[in-house]
Amino acid sequence: MRTIKIKSAIPIYLAALTWILFGLFSPIYELLFIVIAACVSLAVYLVASVFLPGRTIEVDAAPDSGDDEVNRQIAEGRAALKNLREADAAIEDAAISARLKRMTDAGAKIFDALEKDASRAGEVRKFMNYYLPTADKLLTQYRALMGTGSQGENIQGAMHSVENSLEMIATAFEKQLDSLYRHEAMDIETDIDVLETMLAADGIRADARKNNEEKNAHV
């Protein structure tokens with residue numbers, strides 16, 4: 001997905017209307033009135049552009065991870081996330097909506113990470129091959145059952161089963177996202193350990209601890 005901004009056409013229409021009004025009430029064929037009309041028209045356009053800036057929309061963009069297979073998986077995964085967003089819009093339940101948003105947010109970040117580094121695909125294989133397709137399938141079935149409008153025992157029972165599973169699925173999505181960054185977390189911890197060792201060797205940690213104790217004593 002990428003975001004594009006579509007400018008509003010209304011400022012252009014208002015600027016054109018300015019010329020029409022000048023033509024009705026003034027001799028616009030004279031140079032002075034042409035200049036005045038042009039200035040007023042430009043001012044109308046600029047002011048209208050501030051108050052009517054247009055709208056921002058998201059459009060599908062082909063993944064570009066550098067790996068065709070990963071690109072295919074990302075495209076399919078983002079299509080499944082789109083289905084979850086549509087389900088979120090169709091289901092009027094705050095608890096379900098909150099869980100679906102957690103899924104789509106985590107899923108979008110996972111695919112963004114994969115697009116930047118295709119070598120990470122193996123780390124989230126379970127997410128792509130099982131968690132996400134299962135979530136997509138369950139929500140599709142849920143919407144179909146919801147569309148029946150039936151209060152029958154079987155239908156209501158199936159719907160409650162899906163509802164009860166959403167918290168686990170949302171948690172699984174978030175854990176898969178977290179797992180992508182475990183190497184970064186380990187690198188950070190290693191860097192901090194090395195830094196603390198060097199600081200201790202220079203006596204900086206001890207000095208810092210002493211300064212903190214003195215500050216606390218004066219509080």
# chains A, B, ... in the order shown; residues from 1 in each chain; ligands from 1

$ closest_atom_pairs --of "region 2-96 of chain A" --to "region 144-150 of chain A" --cutoff "12 Å" --atoms "only C-alpha atoms" --output "tab-separated table"
residue	atom	partner	partner_atom	distance
A:Ala87	CA	A:Ala144	CA	10.6
A:Ala90	CA	A:Met146	CA	9.9
A:Ile91	CA	A:Met146	CA	8.7
A:Glu92	CA	A:Met146	CA	10.9

$ atom_distance --atom1 "CA of Asp67 (chain A)" --atom2 "CA of Ala118 (chain A)"
6.5 Å

$ residues_around --residues "Gln176 (chain A)" --least-positions-apart "2" --cutoff "12 Å" --atoms "only C-alpha atoms" --output "MDAnalysis selection string"
chainID A and resid 103 106:111 113 120:128 130:132 169:174 178:182

$ residues_around --residues "Ile74 (chain A)" --least-positions-apart "4" --cutoff "8 Å" --atoms "only C-alpha atoms" --output "list in words"
Pro63, Val70, Arg78, Phe111, Leu114 and Glu115 of chain A

$ select_by_dssp --residues "region 47-202 of chain A" --states "helix (DSSP H, G or I)" --output "compact mmCIF listing (two decimals) with N, CA, C and O atoms, in the first residue's frame"
# COMPACT_ATOMS: atom_id res chain seq x y z
N VAL A 47 -6.64 30.60 -1.37
CA VAL A 47 -7.42 30.49 -0.13
C VAL A 47 -8.26 29.21 -0.15
O VAL A 47 -8.33 28.47 0.85
N ALA A 48 -8.89 28.94 -1.29
CA ALA A 48 -9.72 27.74 -1.39
C ALA A 48 -8.88 26.48 -1.26
O ALA A 48 -9.33 25.48 -0.69
N SER A 49 -7.64 26.52 -1.74
CA SER A 49 -6.76 25.34 -1.64
C SER A 49 -6.40 25.03 -0.20
O SER A 49 -6.19 23.87 0.16
N VAL A 50 -6.35 26.09 0.64
CA VAL A 50 -6.05 25.88 2.06
C VAL A 50 -7.21 25.19 2.76
O VAL A 50 -7.03 24.25 3.53
N PHE A 51 -8.42 25.65 2.46
CA PHE A 51 -9.60 25.11 3.14
C PHE A 51 -10.16 23.86 2.46
O PHE A 51 -10.89 23.09 3.08
N ASP A 68 11.02 -12.47 -6.04
CA ASP A 68 9.70 -12.65 -6.66
C ASP A 68 8.76 -13.46 -5.79
O ASP A 68 7.57 -13.16 -5.69
N GLU A 69 9.28 -14.51 -5.15
CA GLU A 69 8.43 -15.35 -4.31
C GLU A 69 7.94 -14.59 -3.09
O GLU A 69 6.77 -14.68 -2.71
N VAL A 70 8.84 -13.85 -2.48
CA VAL A 70 8.44 -13.05 -1.32
C VAL A 70 7.46 -11.96 -1.74
O VAL A 70 6.50 -11.67 -1.03
N ASN A 71 7.68 -11.38 -2.92
CA ASN A 71 6.74 -10.38 -3.43
C ASN A 71 5.34 -10.97 -3.57
O ASN A 71 4.34 -10.33 -3.24
N ARG A 72 5.28 -12.21 -4.06
CA ARG A 72 3.98 -12.87 -4.22
C ARG A 72 3.32 -13.08 -2.87
O ARG A 72 2.12 -12.81 -2.70
N GLN A 73 4.10 -13.52 -1.89
CA GLN A 73 3.56 -13.76 -0.56
C GLN A 73 3.09 -12.45 0.09
O GLN A 73 2.04 -12.41 0.75
N ILE A 74 3.85 -11.38 -0.11
CA ILE A 74 3.46 -10.09 0.45
C ILE A 74 2.15 -9.61 -0.18
O ILE A 74 1.25 -9.13 0.53
N ALA A 75 2.05 -9.74 -1.49
CA ALA A 75 0.84 -9.30 -2.20
C ALA A 75 -0.38 -10.08 -1.71
O ALA A 75 -1.45 -9.50 -1.45
N GLU A 76 -0.23 -11.40 -1.58
CA GLU A 76 -1.34 -12.22 -1.10
C GLU A 76 -1.68 -11.87 0.35
O GLU A 76 -2.86 -11.82 0.74
N GLY A 77 -0.64 -11.65 1.15
CA GLY A 77 -0.86 -11.32 2.55
C GLY A 77 -1.57 -9.99 2.72
O GLY A 77 -2.47 -9.84 3.54
N ARG A 78 -1.16 -9.00 1.94
CA ARG A 78 -1.81 -7.70 2.03
C ARG A 78 -3.26 -7.76 1.55
O ARG A 78 -4.12 -7.02 2.05
N ALA A 79 -3.53 -8.63 0.59
CA ALA A 79 -4.92 -8.82 0.15
C ALA A 79 -5.76 -9.41 1.28
O ALA A 79 -6.91 -9.03 1.49
N ALA A 80 -5.16 -10.35 2.03
CA ALA A 80 -5.87 -10.93 3.17
C ALA A 80 -6.10 -9.88 4.26
O ALA A 80 -7.17 -9.84 4.88
N LEU A 81 -5.12 -9.01 4.49
CA LEU A 81 -5.29 -7.94 5.47
C LEU A 81 -6.40 -6.99 5.04
O LEU A 81 -7.15 -6.47 5.88
N LYS A 82 -6.50 -6.77 3.74
CA LYS A 82 -7.58 -5.91 3.23
C LYS A 82 -8.93 -6.53 3.54
O LYS A 82 -9.89 -5.83 3.90
N ASN A 83 -9.02 -7.86 3.43
CA ASN A 83 -10.28 -8.54 3.78
C ASN A 83 -10.60 -8.36 5.26
O ASN A 83 -11.77 -8.19 5.63
N LEU A 84 -9.58 -8.39 6.10
CA LEU A 84 -9.80 -8.20 7.54
C LEU A 84 -10.29 -6.78 7.82
O LEU A 84 -11.14 -6.56 8.68
N ARG A 85 -9.74 -5.80 7.09
CA ARG A 85 -10.20 -4.42 7.28
C ARG A 85 -11.66 -4.27 6.84
O ARG A 85 -12.44 -3.54 7.46
N GLU A 86 -12.02 -4.96 5.76
CA GLU A 86 -13.40 -4.91 5.30
C GLU A 86 -14.33 -5.56 6.32
O GLU A 86 -15.45 -5.09 6.55
N ALA A 87 -13.85 -6.64 6.93
CA ALA A 87 -14.64 -7.29 7.97
C ALA A 87 -14.81 -6.35 9.16
O ALA A 87 -15.89 -6.26 9.75
N ASP A 88 -13.74 -5.64 9.50
CA ASP A 88 -13.80 -4.68 10.61
C ASP A 88 -14.87 -3.62 10.33
O ASP A 88 -15.64 -3.24 11.23
N ALA A 89 -14.91 -3.15 9.09
CA ALA A 89 -15.89 -2.11 8.73
C ALA A 89 -17.32 -2.65 8.75
O ALA A 89 -18.27 -1.90 9.02
N ALA A 90 -17.47 -3.93 8.45
CA ALA A 90 -18.81 -4.52 8.35
C ALA A 90 -19.37 -4.99 9.68
O ALA A 90 -20.58 -5.07 9.85
N ALA A 94 -17.38 -3.35 19.03
CA ALA A 94 -16.16 -2.66 19.44
C ALA A 94 -15.04 -3.63 19.82
O ALA A 94 -13.87 -3.42 19.49
N ALA A 95 -15.40 -4.73 20.51
CA ALA A 95 -14.38 -5.69 20.94
C ALA A 95 -13.76 -6.39 19.74
O ALA A 95 -12.54 -6.57 19.66
N ILE A 96 -14.60 -6.80 18.79
CA ILE A 96 -14.08 -7.44 17.58
C ILE A 96 -13.24 -6.47 16.78
O ILE A 96 -12.16 -6.80 16.29
N SER A 97 -13.72 -5.23 16.66
CA SER A 97 -12.98 -4.21 15.91
C SER A 97 -11.59 -3.98 16.50
O SER A 97 -10.61 -3.84 15.77
N ALA A 98 -11.50 -3.94 17.83
CA ALA A 98 -10.20 -3.72 18.48
C ALA A 98 -9.22 -4.84 18.16
O ALA A 98 -8.03 -4.59 17.90
N ARG A 99 -9.70 -6.07 18.15
CA ARG A 99 -8.83 -7.21 17.86
C ARG A 99 -8.43 -7.23 16.38
O ARG A 99 -7.27 -7.53 16.05
N LEU A 100 -9.36 -6.91 15.51
CA LEU A 100 -9.04 -6.87 14.08
C LEU A 100 -8.03 -5.77 13.78
O LEU A 100 -7.15 -5.95 12.93
N LYS A 101 -8.14 -4.65 14.46
CA LYS A 101 -7.17 -3.58 14.24
C LYS A 101 -5.78 -4.01 14.70
O LYS A 101 -4.78 -3.68 14.05
N ARG A 102 -5.71 -4.73 15.81
CA ARG A 102 -4.41 -5.25 16.25
C ARG A 102 -3.81 -6.17 15.19
O ARG A 102 -2.61 -6.13 14.90
N MET A 103 -4.66 -7.00 14.60
CA MET A 103 -4.19 -7.93 13.56
C MET A 103 -3.67 -7.18 12.34
O MET A 103 -2.58 -7.45 11.83
N THR A 104 -4.48 -6.24 11.86
CA THR A 104 -4.10 -5.54 10.63
C THR A 104 -2.88 -4.65 10.85
O THR A 104 -2.04 -4.53 9.95
N ASP A 105 -2.78 -4.04 12.02
CA ASP A 105 -1.61 -3.20 12.30
C ASP A 105 -0.34 -4.05 12.34
O ASP A 105 0.68 -3.69 11.73
N ALA A 106 -0.40 -5.16 13.07
CA ALA A 106 0.78 -6.04 13.17
C ALA A 106 1.11 -6.65 11.81
O ALA A 106 2.28 -6.70 11.41
N GLY A 107 0.08 -7.10 11.09
CA GLY A 107 0.31 -7.70 9.78
C GLY A 107 0.93 -6.73 8.80
O GLY A 107 1.86 -7.08 8.05
N ALA A 108 0.45 -5.48 8.79
CA ALA A 108 1.01 -4.47 7.87
C ALA A 108 2.48 -4.23 8.17
O ALA A 108 3.30 -4.10 7.25
N LYS A 109 2.84 -4.18 9.45
CA LYS A 109 4.24 -3.95 9.84
C LYS A 109 5.12 -5.14 9.46
O LYS A 109 6.28 -4.97 9.08
N ILE A 110 4.57 -6.35 9.56
CA ILE A 110 5.32 -7.53 9.17
C ILE A 110 5.65 -7.49 7.68
O ILE A 110 6.79 -7.71 7.26
N PHE A 111 4.65 -7.17 6.85
CA PHE A 111 4.89 -7.15 5.41
C PHE A 111 5.78 -5.99 5.00
O PHE A 111 6.56 -6.11 4.04
N ASP A 112 5.71 -4.87 5.71
CA ASP A 112 6.63 -3.77 5.44
C ASP A 112 8.07 -4.20 5.74
O ASP A 112 8.99 -3.87 4.98
N ALA A 113 8.24 -4.94 6.83
CA ALA A 113 9.58 -5.42 7.19
C ALA A 113 10.10 -6.41 6.16
O ALA A 113 11.28 -6.39 5.79
N LEU A 114 9.22 -7.29 5.67
CA LEU A 114 9.63 -8.27 4.66
C LEU A 114 9.99 -7.59 3.36
O LEU A 114 10.92 -8.02 2.65
N GLU A 115 9.27 -6.54 3.01
CA GLU A 115 9.58 -5.84 1.76
C GLU A 115 10.95 -5.19 1.83
O GLU A 115 11.65 -5.09 0.84
N LYS A 116 11.34 -4.75 3.04
CA LYS A 116 12.66 -4.15 3.21
C LYS A 116 13.76 -5.20 3.27
O LYS A 116 14.90 -4.94 2.88
N ALA A 118 13.83 -9.27 2.41
CA ALA A 118 13.16 -10.52 2.01
C ALA A 118 13.73 -11.73 2.73
O ALA A 118 13.05 -12.76 2.83
N SER A 119 14.95 -11.65 3.24
CA SER A 119 15.57 -12.80 3.90
C SER A 119 14.85 -13.17 5.20
O SER A 119 15.06 -14.25 5.75
N ARG A 120 13.97 -12.29 5.69
CA ARG A 120 13.26 -12.56 6.93
C ARG A 120 12.00 -13.41 6.73
O ARG A 120 11.32 -13.73 7.70
N ALA A 121 11.72 -13.76 5.49
CA ALA A 121 10.48 -14.50 5.21
C ALA A 121 10.38 -15.79 6.02
O ALA A 121 9.30 -16.17 6.49
N GLY A 122 11.50 -16.47 6.18
CA GLY A 122 11.49 -17.73 6.93
C GLY A 122 11.12 -17.56 8.39
O GLY A 122 10.61 -18.49 9.02
N GLU A 123 11.35 -16.36 8.94
CA GLU A 123 11.08 -16.11 10.35
C GLU A 123 9.58 -15.98 10.64
O GLU A 123 9.17 -16.13 11.79
N VAL A 124 8.80 -15.68 9.61
CA VAL A 124 7.35 -15.51 9.81
C VAL A 124 6.56 -16.45 8.90
O VAL A 124 5.45 -16.15 8.50
N ARG A 125 7.16 -17.59 8.58
CA ARG A 125 6.48 -18.55 7.71
C ARG A 125 5.17 -19.03 8.32
O ARG A 125 4.17 -19.18 7.63
N LYS A 126 5.17 -19.27 9.63
CA LYS A 126 3.94 -19.72 10.29
C LYS A 126 2.85 -18.67 10.19
O LYS A 126 1.67 -18.99 9.99
N PHE A 127 3.24 -17.40 10.31
CA PHE A 127 2.27 -16.32 10.18
C PHE A 127 1.66 -16.30 8.77
O PHE A 127 0.44 -16.22 8.61
N MET A 128 2.51 -16.38 7.76
CA MET A 128 2.03 -16.26 6.38
C MET A 128 1.27 -17.49 5.93
O MET A 128 0.29 -17.39 5.17
N ASN A 129 1.72 -18.68 6.37
CA ASN A 129 1.11 -19.92 5.88
C ASN A 129 -0.05 -20.42 6.72
O ASN A 129 -0.84 -21.25 6.25
N TYR A 130 -0.17 -19.94 7.96
CA TYR A 130 -1.23 -20.46 8.81
C TYR A 130 -2.05 -19.38 9.51
O TYR A 130 -3.27 -19.29 9.32
N TYR A 131 -1.40 -18.54 10.33
CA TYR A 131 -2.16 -17.58 11.13
C TYR A 131 -3.02 -16.65 10.28
O TYR A 131 -4.22 -16.50 10.53
N LEU A 132 -2.39 -16.01 9.28
CA LEU A 132 -3.14 -15.05 8.48
C LEU A 132 -4.21 -15.71 7.61
O LEU A 132 -5.37 -15.25 7.61
N PRO A 133 -3.90 -16.80 6.89
CA PRO A 133 -4.97 -17.45 6.11
C PRO A 133 -6.11 -17.95 6.98
O PRO A 133 -7.28 -17.87 6.58
N THR A 134 -5.79 -18.45 8.17
CA THR A 134 -6.85 -18.93 9.06
C THR A 134 -7.73 -17.78 9.53
O THR A 134 -8.96 -17.90 9.57
N ALA A 135 -7.10 -16.67 9.90
CA ALA A 135 -7.87 -15.51 10.32
C ALA A 135 -8.78 -15.02 9.20
O ALA A 135 -9.95 -14.71 9.42
N ASP A 136 -8.24 -14.97 7.99
CA ASP A 136 -9.03 -14.54 6.83
C ASP A 136 -10.22 -15.47 6.61
O ASP A 136 -11.36 -15.02 6.40
N LYS A 137 -9.97 -16.76 6.70
CA LYS A 137 -11.04 -17.74 6.49
C LYS A 137 -12.12 -17.62 7.57
O LYS A 137 -13.33 -17.63 7.26
N LEU A 138 -11.70 -17.52 8.83
CA LEU A 138 -12.66 -17.43 9.93
C LEU A 138 -13.53 -16.18 9.81
O LEU A 138 -14.75 -16.23 10.03
N LEU A 139 -12.92 -15.04 9.46
CA LEU A 139 -13.69 -13.81 9.35
C LEU A 139 -14.63 -13.85 8.14
O LEU A 139 -15.73 -13.29 8.20
N THR A 140 -14.21 -14.51 7.07
CA THR A 140 -15.09 -14.67 5.92
C THR A 140 -16.31 -15.51 6.30
O THR A 140 -17.45 -15.17 5.96
N GLN A 141 -16.06 -16.60 7.03
CA GLN A 141 -17.16 -17.44 7.48
C GLN A 141 -18.05 -16.70 8.47
O GLN A 141 -19.28 -16.83 8.43
N TYR A 142 -17.44 -15.91 9.34
CA TYR A 142 -18.19 -15.15 10.34
C TYR A 142 -19.15 -14.18 9.65
O TYR A 142 -20.33 -14.07 10.02
N ARG A 143 -18.66 -13.49 8.64
CA ARG A 143 -19.51 -12.52 7.94
C ARG A 143 -20.64 -13.23 7.20
O ARG A 143 -21.76 -12.71 7.12
N ALA A 144 -20.35 -14.43 6.68
CA ALA A 144 -21.40 -15.19 6.00
C ALA A 144 -22.48 -15.61 6.99
O ALA A 144 -23.69 -15.51 6.70
N LEU A 145 -22.07 -16.06 8.17
CA LEU A 145 -23.04 -16.44 9.20
C LEU A 145 -23.82 -15.23 9.70
O LEU A 145 -25.03 -15.29 9.92
N MET A 146 -23.13 -14.11 9.84
CA MET A 146 -23.78 -12.89 10.29
C MET A 146 -24.84 -12.44 9.27
O MET A 146 -25.89 -11.92 9.64
N GLY A 147 -24.54 -12.67 8.00
CA GLY A 147 -25.45 -12.26 6.94
C GLY A 147 -26.74 -13.06 6.90
O GLY A 147 -27.72 -12.62 6.30
N THR A 148 -26.76 -14.22 7.55
CA THR A 148 -27.98 -15.02 7.55
C THR A 148 -29.06 -14.40 8.45
O THR A 148 -30.25 -14.63 8.25
N GLU A 153 -29.13 -22.02 17.03
CA GLU A 153 -28.08 -22.45 17.96
C GLU A 153 -26.75 -22.72 17.26
O GLU A 153 -25.69 -22.33 17.75
N ASN A 154 -26.80 -23.41 16.12
CA ASN A 154 -25.57 -23.74 15.41
C ASN A 154 -24.86 -22.50 14.90
O ASN A 154 -23.62 -22.36 15.03
N ILE A 155 -25.62 -21.60 14.30
CA ILE A 155 -25.03 -20.38 13.74
C ILE A 155 -24.46 -19.51 14.85
O ILE A 155 -23.31 -19.04 14.76
N GLN A 156 -25.23 -19.29 15.91
CA GLN A 156 -24.75 -18.46 17.01
C GLN A 156 -23.54 -19.08 17.71
O GLN A 156 -22.60 -18.39 18.10
N GLY A 157 -23.56 -20.39 17.83
CA GLY A 157 -22.43 -21.08 18.46
C GLY A 157 -21.16 -20.93 17.64
O GLY A 157 -20.08 -20.70 18.20
N ALA A 158 -21.30 -21.06 16.31
CA ALA A 158 -20.13 -20.90 15.44
C ALA A 158 -19.59 -19.48 15.50
O ALA A 158 -18.37 -19.26 15.53
N MET A 159 -20.48 -18.51 15.53
CA MET A 159 -20.06 -17.12 15.60
C MET A 159 -19.34 -16.82 16.91
O MET A 159 -18.30 -16.13 16.93
N HIS A 160 -19.84 -17.35 18.01
CA HIS A 160 -19.19 -17.14 19.31
C HIS A 160 -17.81 -17.80 19.34
O HIS A 160 -16.87 -17.26 19.95
N SER A 161 -17.68 -18.93 18.66
CA SER A 161 -16.38 -19.61 18.61
C SER A 161 -15.35 -18.74 17.89
O SER A 161 -14.19 -18.62 18.32
N VAL A 162 -15.77 -18.11 16.79
CA VAL A 162 -14.87 -17.21 16.07
C VAL A 162 -14.51 -16.01 16.94
O VAL A 162 -13.33 -15.63 17.05
N GLU A 163 -15.51 -15.42 17.58
CA GLU A 163 -15.27 -14.26 18.45
C GLU A 163 -14.27 -14.59 19.55
O GLU A 163 -13.38 -13.79 19.86
N ASN A 164 -14.41 -15.76 20.14
CA ASN A 164 -13.53 -16.16 21.24
C ASN A 164 -12.10 -16.43 20.78
O ASN A 164 -11.17 -16.39 21.59
N SER A 165 -11.93 -16.73 19.49
CA SER A 165 -10.59 -17.04 18.97
C SER A 165 -9.80 -15.80 18.57
O SER A 165 -8.58 -15.86 18.40
N LEU A 166 -10.48 -14.66 18.43
CA LEU A 166 -9.83 -13.48 17.88
C LEU A 166 -8.72 -12.93 18.77
O LEU A 166 -7.70 -12.44 18.27
N GLU A 167 -8.87 -13.00 20.09
CA GLU A 167 -7.83 -12.52 20.99
C GLU A 167 -6.56 -13.34 20.82
O GLU A 167 -5.45 -12.78 20.77
N MET A 168 -6.69 -14.66 20.70
CA MET A 168 -5.52 -15.53 20.51
C MET A 168 -4.85 -15.22 19.18
O MET A 168 -3.61 -15.18 19.09
N ILE A 169 -5.66 -15.01 18.14
CA ILE A 169 -5.09 -14.74 16.82
C ILE A 169 -4.36 -13.39 16.81
O ILE A 169 -3.25 -13.27 16.27
N ALA A 170 -4.97 -12.37 17.44
CA ALA A 170 -4.33 -11.06 17.50
C ALA A 170 -2.99 -11.15 18.24
O ALA A 170 -1.99 -10.55 17.82
N THR A 171 -2.97 -11.91 19.32
CA THR A 171 -1.73 -12.09 20.08
C THR A 171 -0.68 -12.81 19.24
O THR A 171 0.51 -12.47 19.28
N ALA A 172 -1.11 -13.80 18.46
CA ALA A 172 -0.17 -14.54 17.59
C ALA A 172 0.43 -13.61 16.54
O ALA A 172 1.63 -13.67 16.26
N PHE A 173 -0.39 -12.73 15.97
CA PHE A 173 0.12 -11.76 14.99
C PHE A 173 1.20 -10.89 15.64
O PHE A 173 2.27 -10.66 15.06
N GLU A 174 0.91 -10.37 16.82
CA GLU A 174 1.84 -9.46 17.48
C GLU A 174 3.13 -10.17 17.88
O GLU A 174 4.22 -9.57 17.81
N LYS A 175 3.04 -11.43 18.28
CA LYS A 175 4.25 -12.18 18.63
C LYS A 175 5.10 -12.45 17.40
O LYS A 175 6.34 -12.46 17.47
N GLN A 176 4.45 -12.68 16.26
CA GLN A 176 5.20 -12.88 15.02
C GLN A 176 5.94 -11.60 14.64
O GLN A 176 7.09 -11.65 14.18
N LEU A 177 5.29 -10.46 14.83
CA LEU A 177 5.96 -9.18 14.55
C LEU A 177 7.14 -9.00 15.51
O LEU A 177 8.24 -8.62 15.08
N ASP A 178 6.94 -9.29 16.77
CA ASP A 178 7.99 -9.13 17.76
C ASP A 178 9.19 -10.03 17.45
O ASP A 178 10.34 -9.64 17.63
N SER A 179 8.90 -11.24 16.94
CA SER A 179 9.98 -12.19 16.66
C SER A 179 10.89 -11.69 15.54
O SER A 179 12.06 -12.07 15.47
N ARG A 182 13.93 -9.82 17.17
CA ARG A 182 14.68 -10.38 18.29
C ARG A 182 16.19 -10.23 18.06
O ARG A 182 16.95 -10.05 19.01
N HIS A 183 16.64 -10.31 16.78
CA HIS A 183 18.07 -10.14 16.51
C HIS A 183 18.51 -8.71 16.82
O HIS A 183 19.58 -8.49 17.38
N GLU A 184 17.66 -7.73 16.45
CA GLU A 184 17.98 -6.35 16.77
C GLU A 184 18.05 -6.14 18.28
O GLU A 184 18.93 -5.44 18.79
N ALA A 185 17.11 -6.77 19.00
CA ALA A 185 17.10 -6.65 20.46
C ALA A 185 18.37 -7.24 21.06
O ALA A 185 18.97 -6.67 21.99
N MET A 186 18.80 -8.39 20.52
CA MET A 186 20.03 -9.03 21.01
C MET A 186 21.24 -8.15 20.71
O MET A 186 22.15 -8.02 21.54
N ASP A 187 21.27 -7.53 19.52
CA ASP A 187 22.39 -6.65 19.16
C ASP A 187 22.45 -5.46 20.10
O ASP A 187 23.54 -5.04 20.53
N ILE A 188 21.28 -4.90 20.43
CA ILE A 188 21.24 -3.75 21.34
C ILE A 188 21.76 -4.14 22.71
O ILE A 188 22.55 -3.41 23.33
N GLU A 189 21.31 -5.30 23.21
CA GLU A 189 21.76 -5.76 24.53
C GLU A 189 23.27 -5.99 24.54
O GLU A 189 23.96 -5.64 25.50
N THR A 190 23.79 -6.56 23.44
CA THR A 190 25.24 -6.80 23.35
C THR A 190 26.01 -5.49 23.35
O THR A 190 27.03 -5.35 24.04
N ASP A 191 25.51 -4.51 22.57
CA ASP A 191 26.18 -3.21 22.51
C ASP A 191 26.19 -2.54 23.88
O ASP A 191 27.18 -1.93 24.29
N ILE A 192 25.08 -2.64 24.60
CA ILE A 192 24.99 -2.03 25.92
C ILE A 192 25.92 -2.71 26.90
O ILE A 192 26.58 -2.07 27.72
N ASP A 193 25.99 -4.07 26.82
CA ASP A 193 26.90 -4.81 27.70
C ASP A 193 28.35 -4.38 27.48
O ASP A 193 29.11 -4.18 28.44
N VAL A 194 28.73 -4.26 26.20
CA VAL A 194 30.10 -3.84 25.88
C VAL A 194 30.34 -2.42 26.37
O VAL A 194 31.40 -2.12 26.95
N LEU A 195 29.36 -1.56 26.15
CA LEU A 195 29.50 -0.17 26.60
C LEU A 195 29.67 -0.09 28.11
O LEU A 195 30.53 0.64 28.62
N GLU A 196 28.85 -0.86 28.84
CA GLU A 196 28.93 -0.83 30.30
C GLU A 196 30.28 -1.36 30.79
O GLU A 196 30.84 -0.86 31.77
N THR A 197 30.81 -2.37 30.10
CA THR A 197 32.12 -2.91 30.46
C THR A 197 33.21 -1.86 30.29
O THR A 197 34.09 -1.68 31.14
N MET A 198 33.15 -1.13 29.15
CA MET A 198 34.15 -0.10 28.88
C MET A 198 34.00 1.07 29.86
O MET A 198 35.00 1.62 30.35
N LEU A 199 32.76 1.43 30.17
CA LEU A 199 32.54 2.52 31.13
C LEU A 199 33.05 2.14 32.51
O LEU A 199 33.65 2.96 33.22
N ALA A 200 32.80 0.88 32.89
CA ALA A 200 33.27 0.41 34.20
C ALA A 200 34.78 0.44 34.27
O ALA A 200 35.37 0.79 35.29
N ALA A 201 35.43 0.07 33.16
CA ALA A 201 36.90 0.06 33.13
C ALA A 201 37.46 1.46 33.30
O ALA A 201 38.55 1.65 33.87

$ atom_distance --atom1 "CA of Ile28 (chain A)" --atom2 "CA of Val40 (chain A)"
12.8 Å

$ closest_residue --among "A:Gly152, A:Thr18, A:Leu46, A:Ala9" --to "Ile34 (chain A)" --atoms "only C-alpha atoms"
A:Thr18

$ select_by_dssp --residues "chain A" --states "strand (DSSP E)" --output "PyMOL selection string"
chain A and resi 2-6+55-59

$ decode --residues "region 42-51 of chain A" --atoms "N, CA, C and O atoms" --output "PDB file, in the first residue's frame"
ATOM      1  N   LEU A  42      -6.347  34.358  -8.519  1.00  0.00           N
ATOM      2  CA  LEU A  42      -5.246  33.639  -7.868  1.00  0.00           C
ATOM      3  C   LEU A  42      -5.453  33.583  -6.359  1.00  0.00           C
ATOM      4  O   LEU A  42      -5.235  32.534  -5.731  1.00  0.00           O
ATOM      5  N   ALA A  43      -5.898  34.701  -5.787  1.00  0.00           N
ATOM      6  CA  ALA A  43      -6.134  34.737  -4.338  1.00  0.00           C
ATOM      7  C   ALA A  43      -7.242  33.765  -3.952  1.00  0.00           C
ATOM      8  O   ALA A  43      -7.142  33.051  -2.941  1.00  0.00           O
ATOM      9  N   VAL A  44      -8.313  33.736  -4.743  1.00  0.00           N
ATOM     10  CA  VAL A  44      -9.413  32.810  -4.473  1.00  0.00           C
ATOM     11  C   VAL A  44      -8.917  31.373  -4.533  1.00  0.00           C
ATOM     12  O   VAL A  44      -9.249  30.540  -3.681  1.00  0.00           O
ATOM     13  N   TYR A  45      -8.088  31.081  -5.535  1.00  0.00           N
ATOM     14  CA  TYR A  45      -7.559  29.721  -5.688  1.00  0.00           C
ATOM     15  C   TYR A  45      -6.705  29.323  -4.485  1.00  0.00           C
ATOM     16  O   TYR A  45      -6.846  28.223  -3.941  1.00  0.00           O
ATOM     17  N   LEU A  46      -5.813  30.223  -4.049  1.00  0.00           N
ATOM     18  CA  LEU A  46      -4.908  29.900  -2.944  1.00  0.00           C
ATOM     19  C   LEU A  46      -5.678  29.717  -1.638  1.00  0.00           C
ATOM     20  O   LEU A  46      -5.402  28.779  -0.874  1.00  0.00           O
ATOM     21  N   VAL A  47      -6.640  30.599  -1.368  1.00  0.00           N
ATOM     22  CA  VAL A  47      -7.423  30.486  -0.134  1.00  0.00           C
ATOM     23  C   VAL A  47      -8.257  29.212  -0.151  1.00  0.00           C
ATOM     24  O   VAL A  47      -8.330  28.469   0.846  1.00  0.00           O
ATOM     25  N   ALA A  48      -8.893  28.943  -1.288  1.00  0.00           N
ATOM     26  CA  ALA A  48      -9.725  27.736  -1.393  1.00  0.00           C
ATOM     27  C   ALA A  48      -8.882  26.480  -1.256  1.00  0.00           C
ATOM     28  O   ALA A  48      -9.332  25.475  -0.691  1.00  0.00           O
ATOM     29  N   SER A  49      -7.638  26.518  -1.740  1.00  0.00           N
ATOM     30  CA  SER A  49      -6.758  25.343  -1.644  1.00  0.00           C
ATOM     31  C   SER A  49      -6.400  25.029  -0.200  1.00  0.00           C
ATOM     32  O   SER A  49      -6.187  23.867   0.157  1.00  0.00           O
ATOM     33  N   VAL A  50      -6.350  26.093   0.636  1.00  0.00           N
ATOM     34  CA  VAL A  50      -6.046  25.878   2.056  1.00  0.00           C
ATOM     35  C   VAL A  50      -7.206  25.189   2.756  1.00  0.00           C
ATOM     36  O   VAL A  50      -7.025  24.248   3.534  1.00  0.00           O
ATOM     37  N   PHE A  51      -8.420  25.646   2.456  1.00  0.00           N
ATOM     38  CA  PHE A  51      -9.598  25.108   3.136  1.00  0.00           C
ATOM     39  C   PHE A  51     -10.156  23.855   2.458  1.00  0.00           C
ATOM     40  O   PHE A  51     -10.895  23.088   3.078  1.00  0.00           O
TER      41      PHE A  51
END
